[in-house]
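A.B. asks: Can you read through this structure? Questions will come right after.
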Amino acid sequence: MGACDELREAAYQNPYLQYMYSYPHKTAYRPLENLSLKEYAPLFAGGGHGLYLHIPFCETKCGYCNLFSVAGEDAAADRYLDAVERQCRQYAALLKPYGAEFSEAVIGGGTPFFLTGAQMERMFDLLDTYFCFHADRGLIIETAPNQTTAEKLAVIRRAGAVRVSMGVQSFSDRELAVLGRRHDAARAMEALALLKSFDFPCVNVDFIYGIPGQTAESLCASLSKALSYEPDEIFLYPLYVKHGAGLVRKGVVPDPAAAYAQYLCAGRFLRENGFRQDSMRRFVRGSGKRAFSECGFGTSLALGCGGRSYAGNLHFCSPYAITRKDCLLRLDEYENTDDFTRITHGIVLSEEEIRRRYVIRHLLICPGLERVRYRQRFHSDVTDDFPVLKDWMECGFVQETEFLFLTKEGLGLSDYLGPQLISPRVGAAMREWEEGHEGTHDFVPRQSEKL
Ligand code: SF4
């Protein structure tokens, strides 16, 4: 068997190793000492920065959830916003001398719409009181069907939301029950219709495939229903069951072959219905190509517990937590923090890790990685630094024009190929974390040592 056959066989055996939405993964972060945001504040001089606010509350913890979120803490939101306000005040004082201006605010979670309308008003007031935004700031927020009300949508419209993302996941009640979602299909349709009636510039709907019992037909039936509401974007997420999520305890193990067949079918369906594919997960209404935007170096400041900040080679956030016990512990620590400018947990990236991050952040999304630009930044050739890319070109997973980009086949294997770019050091740290946590799966490819 040739090298390509071997690679292909391994990739198709399980294309779903790891979602590489950011690198390094938070499980590779470790305690940091003697670091203060003061030293990094000059990086926030001038404009172009991102602000992220994490709202960690949800109605229920979904069976697959590996995000920082807790359910049943309705009474905790005001206390949490008090802590966010203290953090805002301290960060704002630190950034003031540098004239920091933010071009984007992202509110994620958890379920930001879990807050009451009044709490949401307070949240936006906090941002506007303590931070400067560009006149055209992009305000992005996530919602869930059960929490979507006209009152709250009016609040985010007044705040200037430009993109609203709704986690529908499926329009099959049976599949929603397997996932442990609290809403049903009827509620999701009602919420989506309401959301669309507010005319936000971009409405995105999230779906999951690879759910036990789901078929390509039932997935496409869900997508077809979604299309009747004319969303601007659709994200298709393969089901991952990891890190002590509820479905792990129930013994649910996704079937990668079934998931991949569903992915192929859904991708075809969306392309036939006027969507272009920008990454393995992202489908955007319309033709043409996504414009290149250089990413991976941006500065982004996170507020709240569980969000991560990026400041040059420093990435930091509270320790990774999934289970209720761990999340509550971190929330308690957050709410009792006196000095938010002390950085106690994260990672300082070496030059080599910055290169890896750059390749991961560009290759996995259209239009790909511009070779010339890589050379200008790092003074070397990307395929010399990462010879594995040559193998992928030979196997037809990557093509080259002025960009190196994943082919259609490569896009579908993003969650297998991307993890091969994890460094041995980061891979070892991730494995160490997994080994110390019950109910996790080994998802870091050992092949990464080859690079
Ligand atoms: S998947 Fe989303 S809605 Fe479900 S518990 Fe996690 S953060 Fe909350």
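Each chain in the structure tokens gets a letter, A, B, ..., in the order shown, and its residues are numbered from 1; ligands are numbered from 1 in order too.
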Residues of chain A within 8 Å of ligand 1: nearest atom pair and distance (Å, one decimal) for each, counting only C-alpha atoms and all ligand atoms, sorted by chain and number, as JSON lines?

C.D. replies:
{"residue": "A:Pro56", "atom": "CA", "partner": "ligand 1", "partner_atom_place_in_ligand_line": "7 (S)", "distance": 7.2}
{"residue": "A:Phe57", "atom": "CA", "partner": "ligand 1", "partner_atom_place_in_ligand_line": "8 (Fe)", "distance": 6.9}
{"residue": "A:Cys58", "atom": "CA", "partner": "ligand 1", "partner_atom_place_in_ligand_line": "8 (Fe)", "distance": 4.7}
{"residue": "A:Glu59", "atom": "CA", "partner": "ligand 1", "partner_atom_place_in_ligand_line": "8 (Fe)", "distance": 7.1}
{"residue": "A:Thr60", "atom": "CA", "partner": "ligand 1", "partner_atom_place_in_ligand_line": "5 (S)", "distance": 5.8}
{"residue": "A:Lys61", "atom": "CA", "partner": "ligand 1", "partner_atom_place_in_ligand_line": "5 (S)", "distance": 3.7}
{"residue": "A:Cys62", "atom": "CA", "partner": "ligand 1", "partner_atom_place_in_ligand_line": "4 (Fe)", "distance": 4.2}
{"residue": "A:Gly63", "atom": "CA", "partner": "ligand 1", "partner_atom_place_in_ligand_line": "4 (Fe)", "distance": 7.6}
{"residue": "A:Tyr64", "atom": "CA", "partner": "ligand 1", "partner_atom_place_in_ligand_line": "1 (S)", "distance": 6.6}
{"residue": "A:Cys65", "atom": "CA", "partner": "ligand 1", "partner_atom_place_in_ligand_line": "6 (Fe)", "distance": 4.2}
{"residue": "A:Asn66", "atom": "CA", "partner": "ligand 1", "partner_atom_place_in_ligand_line": "6 (Fe)", "distance": 6.4}
{"residue": "A:Leu67", "atom": "CA", "partner": "ligand 1", "partner_atom_place_in_ligand_line": "6 (Fe)", "distance": 5.4}
{"residue": "A:Phe68", "atom": "CA", "partner": "ligand 1", "partner_atom_place_in_ligand_line": "7 (S)", "distance": 6.8}
{"residue": "A:Ser69", "atom": "CA", "partner": "ligand 1", "partner_atom_place_in_ligand_line": "7 (S)", "distance": 5.4}
{"residue": "A:Val70", "atom": "CA", "partner": "ligand 1", "partner_atom_place_in_ligand_line": "5 (S)", "distance": 7.1}
{"residue": "A:Ala71", "atom": "CA", "partner": "ligand 1", "partner_atom_place_in_ligand_line": "5 (S)", "distance": 7.3}
{"residue": "A:Gly109", "atom": "CA", "partner": "ligand 1", "partner_atom_place_in_ligand_line": "7 (S)", "distance": 5.4}
{"residue": "A:Gly110", "atom": "CA", "partner": "ligand 1", "partner_atom_place_in_ligand_line": "7 (S)", "distance": 3.6}
{"residue": "A:Thr111", "atom": "CA", "partner": "ligand 1", "partner_atom_place_in_ligand_line": "8 (Fe)", "distance": 5.7}
{"residue": "A:Ala144", "atom": "CA", "partner": "ligand 1", "partner_atom_place_in_ligand_line": "3 (S)", "distance": 6.7}
{"residue": "A:Gly167", "atom": "CA", "partner": "ligand 1", "partner_atom_place_in_ligand_line": "3 (S)", "distance": 7.2}
{"residue": "A:Arg181", "atom": "CA", "partner": "ligand 1", "partner_atom_place_in_ligand_line": "4 (Fe)", "distance": 6.8}

A.B. asks: Considering only C-alpha atoms, return as a list of chain:residue names whatever protein or nucleic-acid residues lie within 9 Å of Ala45 of chain A, sequence-local ones (same chain, fewer than 3 positions apart) excluded.

C.D. replies: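 After dropping sequence-adjacent residues, the list is A:Ala41, A:Pro42, A:His49, A:Leu95, A:Pro97, A:Tyr98, A:Gly99, A:Ala100, A:Glu101.
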
A.B. asks: Please compute the atom CA of Thr299 of chain A-atom CA of Gly50 of chain A distance, one decimal, in Å.

C.D. replies: 6.3 Å

A.B. asks: Please build the interface table for segment 296-381 of chain A against segment 394-404 of chain A with a cut-off of 12 Å, listing for each qualifying residue the nearest atom pair and the distance in Å to one decimal; count only C-alpha atoms, order rows by chain and increasing number, and write it as CSV.

C.D. replies:
residue,atom,partner,partner_atom,distance
A:Val359,CA,A:Leu404,CA,9.9
A:Ile360,CA,A:Leu404,CA,11.7
A:His362,CA,A:Leu404,CA,9.0
A:Leu363,CA,A:Leu404,CA,6.9
A:Leu364,CA,A:Leu404,CA,9.9
A:Ile365,CA,A:Leu404,CA,10.5
A:Cys366,CA,A:Phe403,CA,9.3
A:Pro367,CA,A:Phe403,CA,6.9
A:Gly368,CA,A:Leu404,CA,5.5
A:Leu369,CA,A:Leu404,CA,5.1
A:Glu370,CA,A:Phe403,CA,4.4
A:Arg371,CA,A:Phe403,CA,6.1
A:Val372,CA,A:Glu402,CA,8.0
A:Arg373,CA,A:Phe403,CA,9.6
A:Tyr374,CA,A:Phe403,CA,10.2
A:Asp381,CA,A:Leu404,CA,11.9

A.B. asks: Residues at most 12 Å from Asp391 of chain A, counting only C-alpha atoms, excluding those fewer than 6 positions away in the same chain, as a ChimeraX atom specification?

C.D. replies: /A:2-8,383-384,397-399,417,420,451

A.B. asks: Do you know which residues are at most 9 Å from segment 311-326 of chain A counting only C-alpha atoms, after dropping those on the same chain fewer than 3 positions away, and could you put them as a ChimeraX atom specification?

C.D. replies: /A:24,26-27,29-31,37,40-41,43-44,61,65-71,243-246,297-302,305-308,329-331,334,343-351,354

A.B. asks: Can you list, as a ChimeraX atom specification, every protein, DNA or RNA residue that comes within 9 Å of Gly304 of chain A when you count only C-alpha atoms, leaving out same-chain residues fewer than 6 positions away?

C.D. replies: /A:52-56,80-81,83-84,87,334

A.B. asks: Taking N, CA and C atoms for each residue, export the selection above as a JSON list (two decimals), in the first residue's frame.

C.D. replies:
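Output file out-v8.json is given in full below:
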[["chain", "number", "residue", "atom", "x", "y", "z"],
["A", 52, "TYR", "N", -14.60, 39.77, 23.63],
["A", 52, "TYR", "CA", -15.47, 38.60, 23.76],
["A", 52, "TYR", "C", -16.04, 38.57, 25.18],
["A", 53, "LEU", "N", -17.34, 38.37, 25.28],
["A", 53, "LEU", "CA", -17.96, 38.24, 26.60],
["A", 53, "LEU", "C", -18.63, 36.88, 26.69],
["A", 54, "HIS", "N", -18.26, 36.12, 27.72],
["A", 54, "HIS", "CA", -18.81, 34.77, 27.88],
["A", 54, "HIS", "C", -19.92, 34.78, 28.93],
["A", 55, "ILE", "N", -21.09, 34.32, 28.52],
["A", 55, "ILE", "CA", -22.22, 34.16, 29.46],
["A", 55, "ILE", "C", -22.40, 32.66, 29.66],
["A", 56, "PRO", "N", -22.02, 32.15, 30.83],
["A", 56, "PRO", "CA", -21.90, 30.69, 30.97],
["A", 56, "PRO", "C", -23.17, 29.96, 31.40],
["A", 80, "TYR", "N", -22.93, 37.37, 38.67],
["A", 80, "TYR", "CA", -21.93, 37.22, 37.60],
["A", 80, "TYR", "C", -21.69, 38.56, 36.90],
["A", 81, "LEU", "N", -22.78, 39.26, 36.59],
["A", 81, "LEU", "CA", -22.61, 40.56, 35.91],
["A", 81, "LEU", "C", -21.90, 41.58, 36.81],
["A", 83, "ALA", "N", -19.46, 40.79, 38.78],
["A", 83, "ALA", "CA", -18.03, 40.46, 38.61],
["A", 83, "ALA", "C", -17.54, 40.94, 37.24],
["A", 84, "VAL", "N", -18.39, 40.78, 36.21],
["A", 84, "VAL", "CA", -18.00, 41.26, 34.87],
["A", 84, "VAL", "C", -17.77, 42.77, 34.93],
["A", 87, "GLN", "N", -14.46, 43.49, 36.39],
["A", 87, "GLN", "CA", -13.42, 43.16, 35.40],
["A", 87, "GLN", "C", -13.34, 44.25, 34.33],
["A", 334, "TYR", "N", -13.93, 33.02, 39.82],
["A", 334, "TYR", "CA", -14.06, 34.25, 39.01],
["A", 334, "TYR", "C", -14.78, 35.34, 39.81]]

A.B. asks: From the DSSP assignment of the backbone, select every residue of segment 58-165 of chain A that is strand (DSSP E or B), and format the answer as a list in words.

C.D. replies: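 Output for segment 58-165 of chain A, strand (DSSP E or B) only: Cys58, Val70, Ala71, Glu101, Phe102, Ser103, Glu104, Ala105, Val106, Ile107, Gly108, Gly109, Cys132, Phe133, His134, Ala135, Asp136, Arg137, Gly138, Leu139, Ile140, Ile141, Glu142, Thr143, Ala161, Val162, Arg163, Val164 and Ser165 of chain A.
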
A.B. asks: Point out the residue among A:Pro212, A:Pro387, A:Gly436, A:Gly267 with the least atom-to-atom distance to Leu421 of chain A, counting only C-alpha atoms.

C.D. replies: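 Nearest candidate to Leu421 of chain A out of A:Pro212, A:Pro387, A:Gly436, A:Gly267: A:Pro387.
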
A.B. asks: May I ask which of the residues A:Arg356, A:Ala161, A:Arg89, A:His183 is the closest one to Thr129 of chain A, counting only C-alpha atoms?

C.D. replies: A:Arg89

A.B. asks: What does the structure give for the distance between atom CA of Ala77 of chain A and atom CA of Phe124 of chain A, in Å to one decimal?

C.D. replies: 14.4 Å
